[in-house]
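**Student:** Sharing run_24.txt below, compact mmCIF, C-alpha atoms:
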```txt
# COMPACT_ATOMS: atom_id res chain seq x y z
CA MET A 267 62.64 125.70 273.75
CA SER A 268 59.38 125.61 271.81
CA ASP A 269 58.01 128.80 270.23
CA GLU A 270 54.62 127.90 271.66
CA ARG A 271 53.80 129.33 275.06
CA GLU A 272 52.11 127.90 278.09
CA VAL A 273 49.31 130.31 279.08
CA LEU A 274 48.22 130.53 282.69
CA SER A 275 45.06 132.55 283.37
CA TRP A 276 44.11 133.92 286.78
CA GLU A 277 41.38 131.29 287.04
CA LEU A 278 43.75 128.46 286.17
CA PHE A 279 46.29 129.87 288.64
CA GLY A 280 43.64 129.49 291.36
CA THR A 281 43.25 125.83 290.42
CA ALA A 282 47.03 125.35 290.29
CA ALA A 283 47.53 126.91 293.72
CA ARG A 284 44.87 124.72 295.35
CA GLU A 285 46.27 121.58 293.74
CA LEU A 286 49.81 122.54 294.77
CA ALA A 287 48.61 123.11 298.34
CA GLY A 288 46.95 119.70 298.18
CA GLN A 289 50.28 118.11 297.28
CA VAL A 290 51.97 119.76 300.25
CA ALA A 291 49.16 118.77 302.63
CA ASP A 292 48.95 115.20 301.28
CA SER A 293 52.70 114.75 301.80
CA GLY A 294 52.27 115.54 305.50
CA TYR A 295 54.64 118.52 305.30
CA ARG A 296 53.53 121.37 307.55
CA PRO A 297 55.63 124.46 306.84
CA ASP A 298 56.14 126.98 309.61
CA LEU A 299 56.77 129.69 307.05
CA ILE A 300 56.71 130.31 303.34
CA PHE A 301 59.74 131.95 301.74
CA SER A 302 58.81 133.46 298.38
CA ILE A 303 61.10 134.46 295.56
CA ALA A 304 60.01 137.85 294.24
CA ARG A 305 58.30 138.62 292.09
CA GLY A 306 56.47 135.62 290.67
CA GLY A 307 56.80 133.58 293.85
CA LEU A 308 54.84 136.20 295.79
CA PHE A 309 51.59 135.15 294.13
CA VAL A 310 52.29 131.49 294.84
CA ALA A 311 53.27 132.23 298.45
CA GLY A 312 50.11 134.22 299.13
CA ALA A 313 47.85 131.54 297.67
CA LEU A 314 49.64 128.71 299.49
CA GLY A 315 49.72 130.74 302.69
CA TYR A 316 45.95 130.92 302.72
CA ALA A 317 45.43 127.32 301.58
CA LEU A 318 47.89 125.88 304.12
CA ASP A 319 46.97 128.33 306.90
CA VAL A 320 50.52 129.72 307.12
CA LYS A 321 50.71 133.40 308.05
CA ASN A 322 54.50 133.78 308.19
CA LEU A 323 55.62 134.84 304.72
CA TYR A 324 59.15 135.95 303.90
CA VAL A 325 60.48 137.41 300.65
CA ALA A 326 63.79 137.10 298.83
CA ASN A 327 64.31 139.64 296.06
CA VAL A 328 66.40 137.82 293.46
CA GLU A 329 67.54 139.27 290.16
CA PHE A 330 68.34 136.86 287.34
CA TYR A 331 66.13 137.26 284.26
CA THR A 332 66.55 140.33 282.07
CA GLY A 333 64.14 139.27 279.26
CA VAL A 334 62.75 136.24 277.43
CA ASP A 335 65.38 133.54 277.96
CA GLU A 336 67.94 136.25 278.80
CA ARG A 337 69.60 136.26 282.20
CA LEU A 338 72.55 137.45 284.23
CA PRO A 339 75.50 135.04 284.59
CA LEU A 340 74.36 134.20 288.15
CA PRO A 341 71.30 135.12 290.21
CA ILE A 342 71.89 137.63 292.99
CA MET A 343 69.89 138.26 296.15
CA LEU A 344 69.07 141.95 296.52
CA PRO A 345 68.70 143.76 299.83
CA PRO A 346 67.05 143.59 302.20
CA VAL A 347 68.24 140.01 302.69
CA PRO A 348 66.06 138.10 305.18
CA ASP A 349 67.63 137.35 308.56
CA LEU A 350 67.85 133.58 308.96
CA VAL A 351 67.97 133.93 312.74
CA ASP A 352 64.19 134.37 312.48
CA MET A 353 63.95 131.03 310.64
CA ALA A 354 66.20 128.87 312.83
CA GLY A 355 64.68 125.42 313.27
CA ALA A 356 61.68 126.24 311.04
CA ARG A 357 60.15 124.09 308.33
CA VAL A 358 60.48 126.35 305.27
CA LEU A 359 58.58 126.11 302.00
CA ILE A 360 60.28 128.10 299.22
CA THR A 361 57.90 129.22 296.47
CA ASP A 362 58.39 130.50 292.96
CA ASP A 363 56.29 130.60 289.84
CA VAL A 364 58.71 128.55 287.72
CA ALA A 365 61.85 126.46 288.12
CA ASP A 366 63.38 127.26 284.74
CA THR A 367 67.12 126.76 285.08
CA GLY A 368 66.64 126.29 288.82
CA ALA A 369 69.50 128.68 289.59
CA THR A 370 67.31 131.09 291.55
CA LEU A 371 65.77 128.28 293.61
CA ARG A 372 69.22 126.80 294.25
CA LEU A 373 70.49 130.18 295.51
CA VAL A 374 67.61 130.54 297.98
CA ARG A 375 67.60 126.87 299.02
CA ASP A 376 71.39 126.93 299.61
CA PHE A 377 70.93 130.16 301.58
CA CYS A 378 68.53 128.28 303.90
CA GLU A 379 70.15 124.82 304.06
CA GLY A 380 71.77 124.05 307.39
CA ARG A 381 70.26 127.16 308.96
CA VAL A 382 66.61 126.08 309.10
CA GLY A 383 64.95 122.88 310.30
CA ASP A 384 63.87 121.67 306.85
CA VAL A 385 63.53 123.25 303.43
CA ARG A 386 61.38 122.22 300.47
CA CYS A 387 60.40 123.89 297.19
CA ALA A 388 57.00 124.41 295.54
CA VAL A 389 56.52 125.83 292.05
CA VAL A 390 53.67 126.15 289.61
CA TYR A 391 55.88 125.04 286.69
CA GLU A 392 59.14 123.09 286.48
CA LYS A 393 61.18 122.79 283.30
CA PRO A 394 63.22 119.68 282.41
CA ARG A 395 66.50 121.66 282.49
CA SER A 396 66.01 122.83 286.09
CA GLU A 397 69.00 122.00 288.26
CA VAL A 398 66.65 121.79 291.25
CA GLU A 399 64.00 119.08 291.47
CA CYS A 400 61.17 120.64 293.44
CA GLU A 401 59.22 118.54 295.92
CA TYR A 402 55.93 120.10 294.81
CA VAL A 403 55.18 120.89 291.15
CA TRP A 404 51.84 121.62 289.54
CA ARG A 405 52.94 121.14 285.89
CA ARG A 406 56.07 120.39 283.94
CA THR A 407 56.78 122.11 280.59
CA ASP A 408 59.63 123.09 278.31
CA ARG A 409 57.75 126.11 276.94
CA TRP A 410 57.95 129.78 277.91
CA ILE A 411 55.07 130.63 280.25
CA ASN A 412 52.73 133.61 280.06
CA PHE A 413 51.75 134.28 283.66
CA PRO A 414 48.68 136.44 284.31
CA TRP A 415 50.74 138.89 286.38
CA SER A 416 53.38 139.52 283.71
CA THR A 417 51.63 139.13 280.34
CA LEU A 418 50.35 142.70 280.03
CA PRO A 419 52.87 145.54 279.74
CA PRO A 420 53.44 147.62 282.87
CA VAL A 421 51.28 150.66 283.45
CA VAL A 422 54.50 152.57 284.09
CA ALA A 423 57.58 151.34 282.27
CA ARG A 424 60.91 151.92 284.01
CA PRO A 425 63.99 152.43 281.86
CA GLY A 426 66.19 149.35 281.82
CA ALA A 427 63.60 147.12 283.53
CA ALA A 428 63.24 143.49 282.41
CA ARG A 429 60.20 142.77 280.25
CA ASP A 430 58.53 139.41 279.89
CA ALA A 431 60.74 137.87 282.56
```
Rewrite the structure of this file - the entire thing - as C-alpha cells.

**Tutor:**
Amino acid sequence: MSDEREVLSWELFGTAARELAGQVADSGYRPDLIFSIARGGLFVAGALGYALDVKNLYVANVEFYTGVDERLPLPIMLPPVPDLVDMAGARVLITDDVADTGATLRLVRDFCEGRVGDVRCAVVYEKPRSEVECEYVWRRTDRWINFPWSTLPPVVARPGAARDA
C-alpha cells in the first residue's frame, strides 16, 4: 500500500455520491431498500437514498478495522442484526465507503443472498485486493483514504476505540 493517501473532501463526496447514483440509475437497477454498513456506509446510503428516491434504509453494524490497516481476523456483525424477513423479495443495494479487503461487504452480501430478491453493492472506493467486485464503484485506488467524516479526531475519545479506521 502506498504511503500517499487519497483525500475525499465533503464537496468531492457530494460529486461522488451523485455519480454513483447515476451509475445505479443508468444500469436500470431500482433498489427497494438500501442496506448500509456502519459507519462509513451510512453517509453513502443517505446520499444514495436521496438521489435514488429510496426511503427504506437499513443498517448493519460491522466491526472489522481496529486502526490503519489493522483488523480483526474476521468481520463480525454486531447487534441489533437486521431481520431479513422485512427484506424478503426486495432489491437490496448494500453501501459502504470502501471495499478494502471486501470481507465486510462479503459478510453482509452473504447474509442477504438467497433471502432477498436481488443484492448489489455500491462503494465510493474499491481497492484491487477486494475479494468482492462491486457493481457500482466511484473510484478505484490502492491508497489509504482520508474520508471527511473520519479525518479529524473525535470530539470525545473512547478508550479502546479504533482510530483512523

**Student:** Write out as a PyMOL selection string the residues lying within 8 Å of Pro394 (chain A), counting only C-alpha atoms and excluding same-chain residues fewer than 2 positions away.

**Tutor:** chain A and resi 366+392+396+406-408

**Student:** Rounded to one decimal place, report the CA of Ile411 (chain A)-CA of Gly368 (chain A) distance in Å.

**Tutor:**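 Distance between the two atoms: 15.0 Å.
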
**Student:** Compare A:Met353, A:Val398, A:Val403, A:Ile342 by their minimum atom-to-atom distance to Gly383 (chain A), counting only C-alpha atoms, and give me the closest one.

**Tutor:**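 Ranked by minimum distance to Gly383 (chain A), first place goes to A:Met353.
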
**Student:** Interatomic distance between CA of Glu379 (chain A) and CA of Gln289 (chain A)?

**Tutor:**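 If I compute the distance from CA of Glu379 (chain A) to CA of Gln289 (chain A), I get 22.0 Å.
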
**Student:** Kindly give the distance, in Å, that separates CA of Ala282 (chain A) and CA of Asp319 (chain A), rounded to a single decimal.

**Tutor:**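 It comes out at 16.9 Å.
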
**Student:** List the neighbours of Val320 (chain A) out to 7 Å using all atoms listed in the file; skip same-chain residues closer than 5 positions along the sequence, and give me the result as a PyMOL selection string.

**Tutor:** chain A and resi 298-299+315

**Student:** Nearest to Leu371 (chain A): which of A:Gly355, A:Gly312, A:Gly288, A:Gly307 is it, counting all atoms listed in the file?

**Tutor:**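 Selected residue with least distance to Leu371 (chain A): A:Gly307.
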
**Student:** Around the point (57.8, 124.7, 306.5) in the file's coordinates, collect all residues with an atom within 7 Å, using only C-alpha atoms, and return them as a ChimeraX atom specification.

**Tutor:** /A:296-300,356-359,384-385

**Student:** Which residues, written as a CSV table (one decimal) with C-alpha atoms, keeping the file's coordinate frame, have at least one atom at most 12 Å from Gly280 (chain A), with only C-alpha atoms counted and residues fewer than 4 positions away on the same chain left out?

**Tutor:**
```csv
chain,number,residue,atom,x,y,z
A,274,LEU,CA,48.2,130.5,282.7
A,275,SER,CA,45.1,132.6,283.4
A,276,TRP,CA,44.1,133.9,286.8
A,284,ARG,CA,44.9,124.7,295.4
A,285,GLU,CA,46.3,121.6,293.7
A,286,LEU,CA,49.8,122.5,294.8
A,287,ALA,CA,48.6,123.1,298.3
A,309,PHE,CA,51.6,135.2,294.1
A,310,VAL,CA,52.3,131.5,294.8
A,312,GLY,CA,50.1,134.2,299.1
A,313,ALA,CA,47.8,131.5,297.7
A,314,LEU,CA,49.6,128.7,299.5
A,316,TYR,CA,46.0,130.9,302.7
A,317,ALA,CA,45.4,127.3,301.6
A,390,VAL,CA,53.7,126.2,289.6
A,404,TRP,CA,51.8,121.6,289.5
A,414,PRO,CA,48.7,136.4,284.3
```

**Student:** From the list A:Ala365, A:Cys400, A:Ala388, A:Leu278, which residue is nearest Val290 (chain A) when using only C-alpha atoms?

**Tutor:**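 Using only C-alpha atoms, Val290 (chain A) sits closest to A:Ala388.
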
**Student:** Restricting the calculation to only C-alpha atoms, which member of A:Lys321, A:Arg337, A:Arg386, A:Arg409 is positioned closest to Asp362 (chain A)?

**Tutor:** A:Arg386

**Student:** What's around region 339-341 of chain A at 7 Å? Count all atoms listed in the file, leave out sequence neighbours fewer than 6 positions away in its own chain, and write the answer as an MDAnalysis selection string.

**Tutor:** chainID A and resid 328:330 369:370

**Student:** Would you please work out which residue, of A:Pro346, A:Phe377, A:Arg405, A:Leu318, is nearest to Gly294 (chain A) when using all atoms listed in the file?

**Tutor:**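 Of A:Pro346, A:Phe377, A:Arg405, A:Leu318, the one nearest Gly294 (chain A), counting all atoms listed in the file, is A:Leu318.
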
**Student:** Looking at all atoms listed in the file, which of A:Ser293, A:Thr361, A:Ser416, A:Thr281 is the one that sits closest to Leu308 (chain A)?

**Tutor:**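 For Leu308 (chain A), the nearest of the given residues is A:Thr361.
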
**Student:** Could you give me region 318-351 of chain A completed to N, CA and C atoms, formatted as an mmCIF file, keeping the file's coordinate frame?

**Tutor:**
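File result.cif, as written:
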```
data_model
loop_
_atom_site.group_PDB
_atom_site.id
_atom_site.type_symbol
_atom_site.label_atom_id
_atom_site.label_comp_id
_atom_site.auth_asym_id
_atom_site.auth_seq_id
_atom_site.Cartn_x
_atom_site.Cartn_y
_atom_site.Cartn_z
ATOM 1 N N LEU A 318 47.239 126.713 303.103
ATOM 2 C CA LEU A 318 47.890 125.880 304.120
ATOM 3 C C LEU A 318 47.824 126.503 305.512
ATOM 4 N N ASP A 319 47.124 127.626 305.639
ATOM 5 C CA ASP A 319 46.970 128.330 306.900
ATOM 6 C C ASP A 319 48.314 128.706 307.523
ATOM 7 N N VAL A 320 49.197 129.260 306.679
ATOM 8 C CA VAL A 320 50.520 129.720 307.120
ATOM 9 C C VAL A 320 50.539 131.238 306.971
ATOM 10 N N LYS A 321 50.703 131.936 308.092
ATOM 11 C CA LYS A 321 50.710 133.400 308.050
ATOM 12 C C LYS A 321 52.108 133.992 307.877
ATOM 13 N N ASN A 322 53.140 133.252 308.265
ATOM 14 C CA ASN A 322 54.500 133.780 308.190
ATOM 15 C C ASN A 322 55.039 133.648 306.769
ATOM 16 N N LEU A 323 55.116 134.791 306.088
ATOM 17 C CA LEU A 323 55.620 134.840 304.720
ATOM 18 C C LEU A 323 56.859 135.728 304.681
ATOM 19 N N TYR A 324 57.911 135.213 304.073
ATOM 20 C CA TYR A 324 59.150 135.950 303.900
ATOM 21 C C TYR A 324 59.386 136.135 302.405
ATOM 22 N N VAL A 325 60.214 137.116 302.057
ATOM 23 C CA VAL A 325 60.480 137.410 300.650
ATOM 24 C C VAL A 325 61.982 137.530 300.414
ATOM 25 N N ALA A 326 62.431 136.900 299.323
ATOM 26 C CA ALA A 326 63.790 137.100 298.830
ATOM 27 C C ALA A 326 63.661 137.790 297.473
ATOM 28 N N ASN A 327 64.291 138.935 297.333
ATOM 29 C CA ASN A 327 64.310 139.640 296.060
ATOM 30 C C ASN A 327 65.532 139.165 295.294
ATOM 31 N N VAL A 328 65.292 138.397 294.230
ATOM 32 C CA VAL A 328 66.400 137.820 293.460
ATOM 33 C C VAL A 328 66.327 138.343 292.037
ATOM 34 N N GLU A 329 67.469 138.802 291.544
ATOM 35 C CA GLU A 329 67.540 139.270 290.160
ATOM 36 C C GLU A 329 68.302 138.245 289.345
ATOM 37 N N PHE A 330 67.688 137.831 288.217
ATOM 38 C CA PHE A 330 68.340 136.860 287.340
ATOM 39 C C PHE A 330 67.922 137.091 285.894
ATOM 40 N N TYR A 331 66.607 137.091 285.627
ATOM 41 C CA TYR A 331 66.130 137.260 284.260
ATOM 42 C C TYR A 331 66.131 138.727 283.850
ATOM 43 N N THR A 332 66.552 138.971 282.609
ATOM 44 C CA THR A 332 66.550 140.330 282.070
ATOM 45 C C THR A 332 65.608 140.438 280.872
ATOM 46 N N GLY A 333 65.062 139.314 280.399
ATOM 47 C CA GLY A 333 64.140 139.270 279.260
ATOM 48 C C GLY A 333 63.795 137.830 278.956
ATOM 49 N N VAL A 334 63.122 137.600 277.823
ATOM 50 C CA VAL A 334 62.750 136.240 277.430
ATOM 51 C C VAL A 334 64.023 135.434 277.197
ATOM 52 N N ASP A 335 64.225 134.431 278.035
ATOM 53 C CA ASP A 335 65.380 133.540 277.960
ATOM 54 C C ASP A 335 66.710 134.295 277.996
ATOM 55 N N GLU A 336 66.718 135.472 278.608
ATOM 56 C CA GLU A 336 67.940 136.250 278.800
ATOM 57 C C GLU A 336 68.137 136.442 280.293
ATOM 58 N N ARG A 337 69.363 136.178 280.770
ATOM 59 C CA ARG A 337 69.600 136.260 282.200
ATOM 60 C C ARG A 337 71.016 136.731 282.503
ATOM 61 N N LEU A 338 71.222 137.118 283.740
ATOM 62 C CA LEU A 338 72.550 137.450 284.230
ATOM 63 C C LEU A 338 73.370 136.159 284.324
ATOM 64 N N PRO A 339 74.693 136.259 284.452
ATOM 65 C CA PRO A 339 75.500 135.040 284.590
ATOM 66 C C PRO A 339 75.110 134.210 285.817
ATOM 67 N N LEU A 340 74.779 134.867 286.917
ATOM 68 C CA LEU A 340 74.360 134.200 288.150
ATOM 69 C C LEU A 340 73.257 135.018 288.804
ATOM 70 N N PRO A 341 72.316 134.351 289.482
ATOM 71 C CA PRO A 341 71.300 135.120 290.210
ATOM 72 C C PRO A 341 71.933 135.786 291.432
ATOM 73 N N ILE A 342 71.396 136.941 291.795
ATOM 74 C CA ILE A 342 71.890 137.630 292.990
ATOM 75 C C ILE A 342 70.707 138.009 293.877
ATOM 76 N N MET A 343 70.912 137.870 295.184
ATOM 77 C CA MET A 343 69.890 138.260 296.150
ATOM 78 C C MET A 343 70.086 139.734 296.465
ATOM 79 N N LEU A 344 69.015 140.502 296.292
ATOM 80 C CA LEU A 344 69.070 141.950 296.520
ATOM 81 C C LEU A 344 68.631 142.272 297.946
ATOM 82 N N PRO A 345 69.133 143.367 298.493
ATOM 83 C CA PRO A 345 68.700 143.760 299.830
ATOM 84 C C PRO A 345 67.252 144.244 299.814
ATOM 85 N N PRO A 346 66.566 144.109 300.922
ATOM 86 C CA PRO A 346 67.050 143.590 302.200
ATOM 87 C C PRO A 346 67.028 142.055 302.197
ATOM 88 N N VAL A 347 68.130 141.469 302.615
ATOM 89 C CA VAL A 347 68.240 140.010 302.690
ATOM 90 C C VAL A 347 67.608 139.562 304.004
ATOM 91 N N PRO A 348 66.713 138.572 303.947
ATOM 92 C CA PRO A 348 66.060 138.100 305.180
ATOM 93 C C PRO A 348 67.079 137.595 306.201
ATOM 94 N N ASP A 349 66.767 137.803 307.470
ATOM 95 C CA ASP A 349 67.630 137.350 308.560
ATOM 96 C C ASP A 349 67.244 135.925 308.935
ATOM 97 N N LEU A 350 68.153 134.991 308.697
ATOM 98 C CA LEU A 350 67.850 133.580 308.960
ATOM 99 C C LEU A 350 67.736 133.258 310.435
ATOM 100 N N VAL A 351 68.150 134.140 311.305
ATOM 101 C CA VAL A 351 67.970 133.930 312.740
ATOM 102 C C VAL A 351 66.483 133.737 313.037
#
```
